[in-house]
Amino acid sequence: MDREITKKDLWNRAIGLLSRREYSKGELRDKLSLMSTELDIESVLSDLEAAGYQSDTRFVESFLRMRISQGHGLMRIRFDLKRKGIEEYLIEDAVHANDVDWFELAVDLYKRKYALSSKVLDYKERARRVRFMSQRGFSFDEIQYAENEVLKNTN
């Protein structure tokens, strides 16, 4: 027995999702649009934001902390946030508020990944390491700094 989806159903689904973790407005829009295409999802999203249940600012702060702890660089974090529909100014505000030293974060990740490696750092191995670090979202300058710091401390 298929019953018709109401605005209240969308609201309840969104509250259920938000009770587990923060979601961006874009992510919620995508999830709620799977339930109904006829209902006004934007009004539900606006109501959630007005009630304080959903906040893109809170989502960005939470996402940024999580990704930093996972060892991701700024370029990767920016890319992922834009993909989730976050405005550029919110990303910039969160990045400036957290005041992260991306060079030191790159050094920490490089140490964790390669400190115990006994492989000779030839061209092929170095390229593999640079590729790994760049996929994590670090710039070439940050990667080069991390590599130099680790090599300087091991000699």
# chains A, B, ... in the order shown; residues from 1 in each chain; ligands from 1
$ residues_around --residues "Ala14 (chain A)" --least-positions-apart "6" --cutoff "10 Å" --atoms "only C-alpha atoms" --output "number ranges by chain"
A: 8, 23, 28-29, 31-32, 44-45, 48, 53-54
$ write_last_selection --atoms "N, CA, C and O atoms" --output "mmCIF file, in the first residue's frame"
data_model
loop_
_atom_site.group_PDB
_atom_site.id
_atom_site.type_symbol
_atom_site.label_atom_id
_atom_site.label_comp_id
_atom_site.auth_asym_id
_atom_site.auth_seq_id
_atom_site.Cartn_x
_atom_site.Cartn_y
_atom_site.Cartn_z
ATOM 1 N N LYS A 8 5.761 16.425 6.073
ATOM 2 C CA LYS A 8 6.127 15.918 7.398
ATOM 3 C C LYS A 8 7.038 14.699 7.276
ATOM 4 O O LYS A 8 7.966 14.533 8.072
ATOM 5 N N TYR A 23 24.927 17.118 7.968
ATOM 6 C CA TYR A 23 24.800 17.029 6.513
ATOM 7 C C TYR A 23 24.779 18.429 5.939
ATOM 8 O O TYR A 23 24.243 19.351 6.567
ATOM 9 N N LEU A 28 21.429 16.847 1.904
ATOM 10 C CA LEU A 28 20.041 16.595 2.320
ATOM 11 C C LEU A 28 19.085 16.723 1.141
ATOM 12 O O LEU A 28 18.153 15.929 1.008
ATOM 13 N N ARG A 29 19.321 17.726 0.302
ATOM 14 C CA ARG A 29 18.478 17.910 -0.883
ATOM 15 C C ARG A 29 18.509 16.653 -1.740
ATOM 16 O O ARG A 29 17.463 16.175 -2.187
ATOM 17 N N LYS A 31 19.240 13.539 -0.833
ATOM 18 C CA LYS A 31 18.614 12.407 -0.147
ATOM 19 C C LYS A 31 17.086 12.543 -0.116
ATOM 20 O O LYS A 31 16.371 11.563 -0.301
ATOM 21 N N LEU A 32 16.607 13.762 0.126
ATOM 22 C CA LEU A 32 15.160 13.966 0.191
ATOM 23 C C LEU A 32 14.519 13.898 -1.191
ATOM 24 O O LEU A 32 13.359 13.493 -1.314
ATOM 25 N N VAL A 44 11.361 22.688 3.157
ATOM 26 C CA VAL A 44 11.727 21.818 4.277
ATOM 27 C C VAL A 44 13.156 22.135 4.721
ATOM 28 O O VAL A 44 13.432 22.249 5.921
ATOM 29 N N LEU A 45 14.048 22.303 3.758
ATOM 30 C CA LEU A 45 15.437 22.633 4.077
ATOM 31 C C LEU A 45 15.542 23.986 4.775
ATOM 32 O O LEU A 45 16.307 24.147 5.730
ATOM 33 N N LEU A 48 14.363 23.547 8.353
ATOM 34 C CA LEU A 48 15.391 22.868 9.150
ATOM 35 C C LEU A 48 16.506 23.834 9.543
ATOM 36 O O LEU A 48 16.985 23.812 10.674
ATOM 37 N N TYR A 53 18.474 22.920 13.055
ATOM 38 C CA TYR A 53 18.821 21.505 12.911
ATOM 39 C C TYR A 53 19.890 21.285 11.852
ATOM 40 O O TYR A 53 20.673 20.345 11.940
ATOM 41 N N GLN A 54 19.886 22.135 10.836
ATOM 42 C CA GLN A 54 20.860 22.004 9.755
ATOM 43 C C GLN A 54 21.602 23.324 9.598
ATOM 44 O O GLN A 54 21.007 24.389 9.616
#
$ closest_residue --among "A:Leu74, A:Ile41, A:Glu88, A:Ala97" --to "Met133 (chain A)" --atoms "only C-alpha atoms"
A:Leu74
$ closest_residue --among "A:Glu49, A:Asp141, A:Asp40, A:Glu22" --to "Thr6 (chain A)" --atoms "only C-alpha atoms"
A:Asp40
$ closest_residue --among "A:Leu90, A:Val107, A:Lys7, A:Asp30" --to "Asp47 (chain A)" --atoms "only C-alpha atoms"
A:Lys7
$ atom_distance --atom1 "CA of Leu116 (chain A)" --atom2 "CA of Val150 (chain A)"
11.0 Å
$ closest_residue --among "A:Ile86, A:Leu10, A:Leu105, A:Ala51" --to "Glu27 (chain A)" --atoms "only C-alpha atoms"
A:Ile86
$ residues_around --residues "Ala115 (chain A)" --least-positions-apart "6" --cutoff "12 Å" --atoms "only C-alpha atoms" --output "ChimeraX atom specification"
/A:107-109,129,146-147,149-154
$ closest_residue --among "A:Asn98, A:Ser46, A:Gln135, A:Ser55" --to "Ile68 (chain A)" --atoms "only C-alpha atoms"
A:Asn98
$ residues_around --residues "Glu61 (chain A)" --least-positions-apart "4" --cutoff "7 Å" --atoms "only C-alpha atoms" --output "VMD selection string"
chain A and resid 57 65 94
$ closest_residue --among "A:Ser69, A:Phe79, A:Arg126, A:Arg112" --to "Val100 (chain A)" --atoms "only C-alpha atoms"
A:Ser69
$ select_by_dssp --residues "region 34-141 of chain A" --states "helix (DSSP H, G or I)" --output "number ranges by chain"
A: 41-50, 56-69, 74-83, 88-98, 102-114, 123-135, 140-141
$ residues_around --residues "Leu81 (chain A)" --least-positions-apart "2" --cutoff "10 Å" --atoms "only C-alpha atoms" --output "PyMOL selection string"
chain A and resi 24+59-60+63-64+76-79+83-88+90-91
$ write_last_selection --atoms "C-alpha atoms" --output "PDB file, in the first residue's frame"
ATOM      1  CA  SER A  24      25.199  19.874   4.052  1.00  0.00           C
ATOM      2  CA  PHE A  59      28.840  20.962   8.636  1.00  0.00           C
ATOM      3  CA  VAL A  60      31.959  22.597   7.166  1.00  0.00           C
ATOM      4  CA  PHE A  63      33.972  18.019   7.989  1.00  0.00           C
ATOM      5  CA  LEU A  64      37.186  20.041   8.140  1.00  0.00           C
ATOM      6  CA  ARG A  76      41.320  17.659  -1.279  1.00  0.00           C
ATOM      7  CA  ILE A  77      39.150  19.104   1.487  1.00  0.00           C
ATOM      8  CA  ARG A  78      38.140  22.058  -0.697  1.00  0.00           C
ATOM      9  CA  PHE A  79      37.299  19.738  -3.583  1.00  0.00           C
ATOM     10  CA  ARG A  83      31.265  18.580  -4.397  1.00  0.00           C
ATOM     11  CA  LYS A  84      28.871  18.579  -1.437  1.00  0.00           C
ATOM     12  CA  GLY A  85      27.471  21.950  -2.516  1.00  0.00           C
ATOM     13  CA  ILE A  86      29.242  24.199  -0.014  1.00  0.00           C
ATOM     14  CA  GLU A  87      29.788  27.853  -0.916  1.00  0.00           C
ATOM     15  CA  GLU A  88      33.394  29.049  -1.276  1.00  0.00           C
ATOM     16  CA  LEU A  90      32.048  29.138   4.022  1.00  0.00           C
ATOM     17  CA  ILE A  91      35.085  27.024   3.164  1.00  0.00           C
TER      18      ILE A  91
END
